[in-house]
Amino acid sequence: MNETNTTTPSLLTAIVIDDEKNSREALLKKIAMHCPELQVLQECRDGEEGIAAIRQRKPQIVFLDIEMPAMNGFTMLQQLPEKNFHLIFTTAYNQYAIEAIRFSAFDYLVKPVDAVELANAVGRIKETLKERHTDGKLAVLMEHLFKEKNRHSKIAIATMEGLDFIPMDEIVYLEAVGNYTNVHIRASKPILASKTLKEFEDILPGAQFCRIHNASIVNVAFIQKFIKTDGGQIVLQTGIVLDVARRRKDELMQLMATFTARV
């Protein structure tokens, strides 16, 4: 465990927690080269050291390795009653963990850490430095990690104002608006999300959501009727009518049949 005892007020403070020395050193080197606005207060070899360092040093950002012996990163977080910091996960490629992280809107870096992705993650935190939603995002993360996936799972949706935590079975459809997405929710106003429709397509469960057009993704649970036209149209329970692209029709019909059989 290495410490720095002085803090420069204008810098953002950080702690690095990783059981692999080589990984810590590589990350510290890239932080020094590409994120001069960060001051690393301490590097920790395991979860226990990490908990003590967070409580004592109170960093603004924590870089946390997921796969650590004895106490992994997720377990370590559960041991902290207060999480007044921004969190960036670091991990060797783990599709299941990464999928859960993306639902929760945490930043993550896949080892070996890419310098551009590191700078982008730090930049996103700088833009929302005063908005810490770690507890809410962690609740969504744990839900996806440790509970059987179902339609009651939540997703963290980043907006211009902060984060909204929305049950996925409340999402009716999503509509592309340039580089943003209008998320239409049952019995609520739409949310303008700071993600593209493609980014939502990548994380929403394919057993429930279908990309039916370049401009829209639909929750098949809300489809009331299919109208035969060139590609087709669907009528939602809310009365909204959406076009179906010809090349998306077969995929949608198959998903509707599968979904209906499960309900």
# chains A, B, ... in the order shown; residues from 1 in each chain; ligands from 1
call {"tool": "select_by_dssp", "arguments": {"residues": "region 101-197 of chain A", "states": "alpha helix (DSSP H)", "output": "PyMOL selection string"}}
result
chain A and resi 101-104+115-127+134-146+197
call {"tool": "write_last_selection", "arguments": {"atoms": "N, CA and C atoms", "output": "mmCIF file, in the first residue's frame"}}
result
data_model
loop_
_atom_site.group_PDB
_atom_site.id
_atom_site.type_symbol
_atom_site.label_atom_id
_atom_site.label_comp_id
_atom_site.auth_asym_id
_atom_site.auth_seq_id
_atom_site.Cartn_x
_atom_site.Cartn_y
_atom_site.Cartn_z
ATOM 1 N N ILE A 101 -22.890 -3.909 -15.116
ATOM 2 C CA ILE A 101 -22.347 -2.565 -14.915
ATOM 3 C C ILE A 101 -22.996 -1.579 -15.877
ATOM 4 N N ARG A 102 -23.206 -1.989 -17.108
ATOM 5 C CA ARG A 102 -23.800 -1.092 -18.099
ATOM 6 C C ARG A 102 -25.246 -0.752 -17.750
ATOM 7 N N PHE A 103 -25.985 -1.706 -17.192
ATOM 8 C CA PHE A 103 -27.346 -1.416 -16.746
ATOM 9 C C PHE A 103 -27.343 -0.345 -15.665
ATOM 10 N N SER A 104 -26.307 -0.331 -14.830
ATOM 11 C CA SER A 104 -26.276 0.574 -13.677
ATOM 12 C C SER A 104 -25.657 1.927 -13.995
ATOM 13 N N ALA A 115 -5.982 4.295 -22.831
ATOM 14 C CA ALA A 115 -5.781 5.661 -22.356
ATOM 15 C C ALA A 115 -6.942 6.586 -22.716
ATOM 16 N N VAL A 116 -7.484 6.433 -23.912
ATOM 17 C CA VAL A 116 -8.602 7.287 -24.339
ATOM 18 C C VAL A 116 -9.844 6.992 -23.508
ATOM 19 N N GLU A 117 -10.130 5.707 -23.275
ATOM 20 C CA GLU A 117 -11.290 5.346 -22.465
ATOM 21 C C GLU A 117 -11.133 5.828 -21.022
ATOM 22 N N LEU A 118 -9.912 5.779 -20.509
ATOM 23 C CA LEU A 118 -9.635 6.302 -19.177
ATOM 24 C C LEU A 118 -9.928 7.799 -19.110
ATOM 25 N N ALA A 119 -9.399 8.548 -20.059
ATOM 26 C CA ALA A 119 -9.623 9.998 -20.067
ATOM 27 C C ALA A 119 -11.100 10.331 -20.239
ATOM 28 N N ASN A 120 -11.806 9.555 -21.063
ATOM 29 C CA ASN A 120 -13.241 9.795 -21.254
ATOM 30 C C ASN A 120 -14.033 9.532 -19.980
ATOM 31 N N ALA A 121 -13.688 8.467 -19.269
ATOM 32 C CA ALA A 121 -14.388 8.140 -18.025
ATOM 33 C C ALA A 121 -14.173 9.232 -16.987
ATOM 34 N N VAL A 122 -12.948 9.697 -16.859
ATOM 35 C CA VAL A 122 -12.657 10.776 -15.910
ATOM 36 C C VAL A 122 -13.373 12.055 -16.342
ATOM 37 N N GLY A 123 -13.413 12.315 -17.641
ATOM 38 C CA GLY A 123 -14.097 13.502 -18.143
ATOM 39 C C GLY A 123 -15.577 13.487 -17.823
ATOM 40 N N ARG A 124 -16.209 12.319 -17.938
ATOM 41 C CA ARG A 124 -17.633 12.227 -17.610
ATOM 42 C C ARG A 124 -17.879 12.515 -16.130
ATOM 43 N N ILE A 125 -16.982 12.053 -15.298
ATOM 44 C CA ILE A 125 -17.117 12.316 -13.862
ATOM 45 C C ILE A 125 -16.934 13.799 -13.571
ATOM 46 N N LYS A 126 -15.999 14.429 -14.231
ATOM 47 C CA LYS A 126 -15.768 15.872 -14.016
ATOM 48 C C LYS A 126 -17.023 16.678 -14.350
ATOM 49 N N GLU A 127 -17.750 16.245 -15.381
ATOM 50 C CA GLU A 127 -18.944 16.978 -15.791
ATOM 51 C C GLU A 127 -20.071 16.882 -14.764
ATOM 52 N N THR A 134 -23.952 6.946 -6.459
ATOM 53 C CA THR A 134 -23.330 5.637 -6.295
ATOM 54 C C THR A 134 -24.265 4.623 -5.650
ATOM 55 N N ASP A 135 -24.984 5.015 -4.610
ATOM 56 C CA ASP A 135 -25.874 4.070 -3.933
ATOM 57 C C ASP A 135 -26.976 3.576 -4.863
ATOM 58 N N GLY A 136 -27.604 4.493 -5.596
ATOM 59 C CA GLY A 136 -28.675 4.098 -6.504
ATOM 60 C C GLY A 136 -28.171 3.212 -7.626
ATOM 61 N N LYS A 137 -27.039 3.575 -8.210
ATOM 62 C CA LYS A 137 -26.477 2.774 -9.289
ATOM 63 C C LYS A 137 -26.033 1.403 -8.776
ATOM 64 N N LEU A 138 -25.500 1.380 -7.542
ATOM 65 C CA LEU A 138 -25.058 0.110 -6.971
ATOM 66 C C LEU A 138 -26.239 -0.824 -6.731
ATOM 67 N N ALA A 139 -27.377 -0.272 -6.336
ATOM 68 C CA ALA A 139 -28.574 -1.094 -6.129
ATOM 69 C C ALA A 139 -28.991 -1.771 -7.438
ATOM 70 N N VAL A 140 -28.940 -1.017 -8.545
ATOM 71 C CA VAL A 140 -29.269 -1.587 -9.857
ATOM 72 C C VAL A 140 -28.240 -2.647 -10.242
ATOM 73 N N LEU A 141 -26.966 -2.356 -9.987
ATOM 74 C CA LEU A 141 -25.897 -3.300 -10.308
ATOM 75 C C LEU A 141 -26.103 -4.622 -9.573
ATOM 76 N N MET A 142 -26.331 -4.549 -8.268
ATOM 77 C CA MET A 142 -26.492 -5.766 -7.471
ATOM 78 C C MET A 142 -27.731 -6.547 -7.901
ATOM 79 N N GLU A 143 -28.763 -5.829 -8.282
ATOM 80 C CA GLU A 143 -29.981 -6.489 -8.760
ATOM 81 C C GLU A 143 -29.689 -7.355 -9.967
ATOM 82 N N HIS A 144 -28.887 -6.820 -10.887
ATOM 83 C CA HIS A 144 -28.586 -7.564 -12.108
ATOM 84 C C HIS A 144 -27.539 -8.642 -11.884
ATOM 85 N N LEU A 145 -26.694 -8.467 -10.881
ATOM 86 C CA LEU A 145 -25.662 -9.456 -10.612
ATOM 87 C C LEU A 145 -26.200 -10.680 -9.871
ATOM 88 N N PHE A 146 -27.027 -10.453 -8.872
ATOM 89 C CA PHE A 146 -27.356 -11.508 -7.925
ATOM 90 C C PHE A 146 -28.795 -11.995 -7.977
ATOM 91 N N LEU A 197 -29.748 5.426 -29.409
ATOM 92 C CA LEU A 197 -30.630 4.262 -29.471
ATOM 93 C C LEU A 197 -29.819 2.976 -29.581
#
call {"tool": "atom_distance", "arguments": {"atom1": "CA of Arg57 (chain A)", "atom2": "CA of Ile17 (chain A)"}}
result
13.2 Å
call {"tool": "residues_around", "arguments": {"residues": "Phe222 (chain A)", "least_positions_apart": "5", "cutoff": "9 Å", "atoms": "only C-alpha atoms", "output": "number ranges by chain"}}
result
A: 171-173, 235-238
call {"tool": "select_by_dssp", "arguments": {"residues": "region 125-231 of chain A", "states": "strand (DSSP E)", "output": "MDAnalysis selection string"}}
result
chainID A and resid 154:158 163:167 171:177 180:185 191:193 209:213 216:219 223:227
call {"tool": "closest_residue", "arguments": {"among": "A:Ala70, A:Ala158, A:Leu80, A:Leu27", "to": "Lys111 (chain A)", "atoms": "only C-alpha atoms"}}
result
A:Leu27
call {"tool": "residues_around", "arguments": {"residues": "Ile234 (chain A)", "least_positions_apart": "5", "cutoff": "7 Å", "atoms": "only C-alpha atoms", "output": "MDAnalysis selection string"}}
result
chainID A and resid 223 225:227 241:243
call {"tool": "write_last_selection", "arguments": {"atoms": "C-alpha atoms", "output": "PDB file, in the first residue's frame"}}
result
ATOM      1  CA  ILE A 223     -47.810  -4.344 -28.469  1.00  0.00           C
ATOM      2  CA  LYS A 225     -51.863  -5.130 -32.643  1.00  0.00           C
ATOM      3  CA  PHE A 226     -49.800  -5.759 -35.770  1.00  0.00           C
ATOM      4  CA  ILE A 227     -50.982  -4.145 -39.016  1.00  0.00           C
ATOM      5  CA  VAL A 241     -48.596   3.606 -33.956  1.00  0.00           C
ATOM      6  CA  LEU A 242     -45.018   2.773 -34.988  1.00  0.00           C
ATOM      7  CA  ASP A 243     -43.626   1.713 -38.347  1.00  0.00           C
TER       8      ASP A 243
END
call {"tool": "residues_around", "arguments": {"residues": "Leu192 (chain A)", "least_positions_apart": "5", "cutoff": "10 Å", "atoms": "only C-alpha atoms", "output": "PyMOL selection string"}}
result
chain A and resi 157-161+174-177+180-184
call {"tool": "atom_distance", "arguments": {"atom1": "CA of Pro69 (chain A)", "atom2": "CA of Thr13 (chain A)"}}
result
25.8 Å
call {"tool": "residues_around", "arguments": {"residues": "Leu109 (chain A)", "least_positions_apart": "3", "cutoff": "9 Å", "atoms": "only C-alpha atoms", "output": "JSON, numbers by chain"}}
result
{"A": [88, 89, 90, 91, 92, 112, 113, 114, 117, 118, 121]}
call {"tool": "write_last_selection", "arguments": {"atoms": "N, CA and C atoms", "output": "PDB file, in the first residue's frame"}}
result
ATOM      1  N   ILE A  88     -15.196   3.920 -10.744  1.00  0.00           N
ATOM      2  CA  ILE A  88     -14.837   3.397 -12.053  1.00  0.00           C
ATOM      3  C   ILE A  88     -14.317   1.978 -11.843  1.00  0.00           C
ATOM      4  N   PHE A  89     -15.021   0.997 -12.400  1.00  0.00           N
ATOM      5  CA  PHE A  89     -14.578  -0.383 -12.282  1.00  0.00           C
ATOM      6  C   PHE A  89     -13.452  -0.663 -13.278  1.00  0.00           C
ATOM      7  N   THR A  90     -12.513  -1.514 -12.875  1.00  0.00           N
ATOM      8  CA  THR A  90     -11.505  -2.026 -13.794  1.00  0.00           C
ATOM      9  C   THR A  90     -11.625  -3.546 -13.772  1.00  0.00           C
ATOM     10  N   THR A  91     -11.552  -4.157 -14.938  1.00  0.00           N
ATOM     11  CA  THR A  91     -11.788  -5.599 -14.993  1.00  0.00           C
ATOM     12  C   THR A  91     -11.140  -6.224 -16.208  1.00  0.00           C
ATOM     13  N   ALA A  92     -10.699  -7.475 -16.043  1.00  0.00           N
ATOM     14  CA  ALA A  92     -10.423  -8.293 -17.216  1.00  0.00           C
ATOM     15  C   ALA A  92     -11.781  -8.566 -17.838  1.00  0.00           C
ATOM     16  N   PRO A 112      -6.128  -4.649 -20.686  1.00  0.00           N
ATOM     17  CA  PRO A 112      -5.315  -3.485 -20.307  1.00  0.00           C
ATOM     18  C   PRO A 112      -6.061  -2.180 -20.621  1.00  0.00           C
ATOM     19  N   VAL A 113      -6.000  -1.262 -19.691  1.00  0.00           N
ATOM     20  CA  VAL A 113      -6.784  -0.034 -19.777  1.00  0.00           C
ATOM     21  C   VAL A 113      -6.344   0.815 -20.959  1.00  0.00           C
ATOM     22  N   ASP A 114      -7.319   1.235 -21.748  1.00  0.00           N
ATOM     23  CA  ASP A 114      -7.053   2.106 -22.885  1.00  0.00           C
ATOM     24  C   ASP A 114      -6.997   3.559 -22.405  1.00  0.00           C
ATOM     25  N   GLU A 117     -10.130   5.707 -23.275  1.00  0.00           N
ATOM     26  CA  GLU A 117     -11.290   5.346 -22.465  1.00  0.00           C
ATOM     27  C   GLU A 117     -11.133   5.828 -21.022  1.00  0.00           C
ATOM     28  N   LEU A 118      -9.912   5.779 -20.509  1.00  0.00           N
ATOM     29  CA  LEU A 118      -9.635   6.302 -19.177  1.00  0.00           C
ATOM     30  C   LEU A 118      -9.928   7.799 -19.110  1.00  0.00           C
ATOM     31  N   ALA A 121     -13.688   8.467 -19.269  1.00  0.00           N
ATOM     32  CA  ALA A 121     -14.388   8.140 -18.025  1.00  0.00           C
ATOM     33  C   ALA A 121     -14.173   9.232 -16.987  1.00  0.00           C
TER      34      ALA A 121
END
call {"tool": "atom_distance", "arguments": {"atom1": "CA of Lys58 (chain A)", "atom2": "CA of Asp107 (chain A)"}}
result
19.4 Å
call {"tool": "closest_residue", "arguments": {"among": "A:Glu170, A:Pro190, A:Arg246, A:Gly232", "to": "Asn219 (chain A)", "atoms": "only C-alpha atoms"}}
result
A:Glu170
call {"tool": "residues_around", "arguments": {"residues": "Cys210 (chain A)", "least_positions_apart": "4", "cutoff": "9 Å", "atoms": "only C-alpha atoms", "output": "list of chain:residue names"}}
result
A:Glu201, A:Leu204, A:Pro205, A:Gly206, A:Ser216, A:Ile217, A:Val218, A:Asn219, A:Val220, A:Arg248, A:Glu251, A:Leu252, A:Leu255
call {"tool": "closest_residue", "arguments": {"among": "A:Met253, A:Leu129, A:Asn179, A:Phe106", "to": "Ala156 (chain A)", "atoms": "only C-alpha atoms"}}
result
A:Phe106
call {"tool": "decode", "arguments": {"residues": "region 23-61 of chain A", "atoms": "N, CA and C atoms", "output": "mmCIF file, in the first residue's frame"}}
result
data_model
loop_
_atom_site.group_PDB
_atom_site.id
_atom_site.type_symbol
_atom_site.label_atom_id
_atom_site.label_comp_id
_atom_site.auth_asym_id
_atom_site.auth_seq_id
_atom_site.Cartn_x
_atom_site.Cartn_y
_atom_site.Cartn_z
ATOM 1 N N SER A 23 -0.980 -4.364 -12.743
ATOM 2 C CA SER A 23 -2.167 -3.620 -13.174
ATOM 3 C C SER A 23 -2.227 -2.255 -12.503
ATOM 4 N N ARG A 24 -1.891 -2.211 -11.203
ATOM 5 C CA ARG A 24 -1.887 -0.924 -10.494
ATOM 6 C C ARG A 24 -0.867 0.022 -11.107
ATOM 7 N N GLU A 25 0.319 -0.481 -11.343
ATOM 8 C CA GLU A 25 1.386 0.361 -11.881
ATOM 9 C C GLU A 25 1.042 0.867 -13.283
ATOM 10 N N ALA A 26 0.445 -0.021 -14.107
ATOM 11 C CA ALA A 26 0.068 0.392 -15.459
ATOM 12 C C ALA A 26 -1.005 1.472 -15.419
ATOM 13 N N LEU A 27 -1.979 1.322 -14.530
ATOM 14 C CA LEU A 27 -3.043 2.322 -14.423
ATOM 15 C C LEU A 27 -2.497 3.636 -13.893
ATOM 16 N N LEU A 28 -1.635 3.572 -12.883
ATOM 17 C CA LEU A 28 -1.055 4.793 -12.323
ATOM 18 C C LEU A 28 -0.246 5.553 -13.374
ATOM 19 N N LYS A 29 0.473 4.828 -14.203
ATOM 20 C CA LYS A 29 1.270 5.462 -15.255
ATOM 21 C C LYS A 29 0.365 6.177 -16.269
ATOM 22 N N LYS A 30 -0.748 5.529 -16.640
ATOM 23 C CA LYS A 30 -1.660 6.138 -17.614
ATOM 24 C C LYS A 30 -2.407 7.324 -17.005
ATOM 25 N N ILE A 31 -2.725 7.243 -15.716
ATOM 26 C CA ILE A 31 -3.348 8.391 -15.049
ATOM 27 C C ILE A 31 -2.394 9.579 -15.062
ATOM 28 N N ALA A 32 -1.136 9.328 -14.749
ATOM 29 C CA ALA A 32 -0.140 10.404 -14.718
ATOM 30 C C ALA A 32 0.036 11.036 -16.097
ATOM 31 N N MET A 33 -0.020 10.218 -17.155
ATOM 32 C CA MET A 33 0.217 10.718 -18.509
ATOM 33 C C MET A 33 -1.001 11.391 -19.124
ATOM 34 N N HIS A 34 -2.198 10.850 -18.830
ATOM 35 C CA HIS A 34 -3.383 11.273 -19.566
ATOM 36 C C HIS A 34 -4.440 11.968 -18.712
ATOM 37 N N CYS A 35 -4.283 11.917 -17.399
ATOM 38 C CA CYS A 35 -5.267 12.555 -16.499
ATOM 39 C C CYS A 35 -4.529 13.382 -15.453
ATOM 40 N N PRO A 36 -3.863 14.457 -15.866
ATOM 41 C CA PRO A 36 -3.087 15.255 -14.910
ATOM 42 C C PRO A 36 -3.941 15.924 -13.842
ATOM 43 N N GLU A 37 -5.261 15.962 -14.064
ATOM 44 C CA GLU A 37 -6.148 16.572 -13.075
ATOM 45 C C GLU A 37 -6.431 15.646 -11.891
ATOM 46 N N LEU A 38 -5.947 14.392 -11.977
ATOM 47 C CA LEU A 38 -6.147 13.435 -10.895
ATOM 48 C C LEU A 38 -4.918 13.334 -10.004
ATOM 49 N N GLN A 39 -5.151 13.281 -8.707
ATOM 50 C CA GLN A 39 -4.093 12.993 -7.750
ATOM 51 C C GLN A 39 -4.448 11.703 -7.027
ATOM 52 N N VAL A 40 -3.641 10.665 -7.238
ATOM 53 C CA VAL A 40 -3.886 9.382 -6.589
ATOM 54 C C VAL A 40 -3.351 9.438 -5.171
ATOM 55 N N LEU A 41 -4.249 9.344 -4.201
ATOM 56 C CA LEU A 41 -3.870 9.440 -2.790
ATOM 57 C C LEU A 41 -3.266 8.145 -2.275
ATOM 58 N N GLN A 42 -3.715 7.014 -2.840
ATOM 59 C CA GLN A 42 -3.297 5.739 -2.278
ATOM 60 C C GLN A 42 -3.584 4.632 -3.264
ATOM 61 N N GLU A 43 -2.753 3.614 -3.270
ATOM 62 C CA GLU A 43 -3.018 2.395 -4.018
ATOM 63 C C GLU A 43 -3.126 1.245 -3.027
ATOM 64 N N CYS A 44 -4.117 0.385 -3.234
ATOM 65 C CA CYS A 44 -4.427 -0.672 -2.271
ATOM 66 C C CYS A 44 -4.396 -2.028 -2.949
ATOM 67 N N ARG A 45 -3.962 -3.038 -2.183
ATOM 68 C CA ARG A 45 -3.758 -4.376 -2.730
ATOM 69 C C ARG A 45 -4.973 -5.287 -2.607
ATOM 70 N N ASP A 46 -5.945 -4.917 -1.794
ATOM 71 C CA ASP A 46 -7.115 -5.780 -1.629
ATOM 72 C C ASP A 46 -8.285 -4.965 -1.086
ATOM 73 N N GLY A 47 -9.416 -5.645 -0.922
ATOM 74 C CA GLY A 47 -10.621 -4.969 -0.485
ATOM 75 C C GLY A 47 -10.523 -4.392 0.910
ATOM 76 N N GLU A 48 -9.874 -5.097 1.809
ATOM 77 C CA GLU A 48 -9.748 -4.602 3.185
ATOM 78 C C GLU A 48 -8.959 -3.295 3.226
ATOM 79 N N GLU A 49 -7.842 -3.255 2.510
ATOM 80 C CA GLU A 49 -7.077 -2.010 2.430
ATOM 81 C C GLU A 49 -7.904 -0.923 1.769
ATOM 82 N N GLY A 50 -8.683 -1.315 0.765
ATOM 83 C CA GLY A 50 -9.502 -0.346 0.069
ATOM 84 C C GLY A 50 -10.547 0.290 0.972
ATOM 85 N N ILE A 51 -11.214 -0.513 1.783
ATOM 86 C CA ILE A 51 -12.221 0.008 2.715
ATOM 87 C C ILE A 51 -11.592 0.996 3.684
ATOM 88 N N ALA A 52 -10.445 0.617 4.250
ATOM 89 C CA ALA A 52 -9.768 1.502 5.203
ATOM 90 C C ALA A 52 -9.341 2.803 4.539
ATOM 91 N N ALA A 53 -8.830 2.706 3.306
ATOM 92 C CA ALA A 53 -8.359 3.901 2.602
ATOM 93 C C ALA A 53 -9.513 4.838 2.265
ATOM 94 N N ILE A 54 -10.629 4.275 1.831
ATOM 95 C CA ILE A 54 -11.797 5.108 1.491
ATOM 96 C C ILE A 54 -12.308 5.839 2.725
ATOM 97 N N ARG A 55 -12.375 5.136 3.845
ATOM 98 C CA ARG A 55 -12.877 5.757 5.077
ATOM 99 C C ARG A 55 -11.941 6.855 5.577
ATOM 100 N N GLN A 56 -10.648 6.628 5.432
ATOM 101 C CA GLN A 56 -9.678 7.595 5.954
ATOM 102 C C GLN A 56 -9.426 8.746 4.992
ATOM 103 N N ARG A 57 -9.282 8.429 3.712
ATOM 104 C CA ARG A 57 -8.824 9.433 2.747
ATOM 105 C C ARG A 57 -9.973 10.169 2.049
ATOM 106 N N LYS A 58 -11.178 9.548 2.021
ATOM 107 C CA LYS A 58 -12.360 10.164 1.424
ATOM 108 C C LYS A 58 -12.091 10.674 -0.010
ATOM 109 N N PRO A 59 -11.734 9.776 -0.905
ATOM 110 C CA PRO A 59 -11.433 10.180 -2.291
ATOM 111 C C PRO A 59 -12.690 10.579 -3.044
ATOM 112 N N GLN A 60 -12.499 11.340 -4.108
ATOM 113 C CA GLN A 60 -13.614 11.688 -4.989
ATOM 114 C C GLN A 60 -13.886 10.597 -6.013
ATOM 115 N N ILE A 61 -12.836 9.864 -6.390
ATOM 116 C CA ILE A 61 -12.948 8.797 -7.382
ATOM 117 C C ILE A 61 -12.250 7.544 -6.852
#
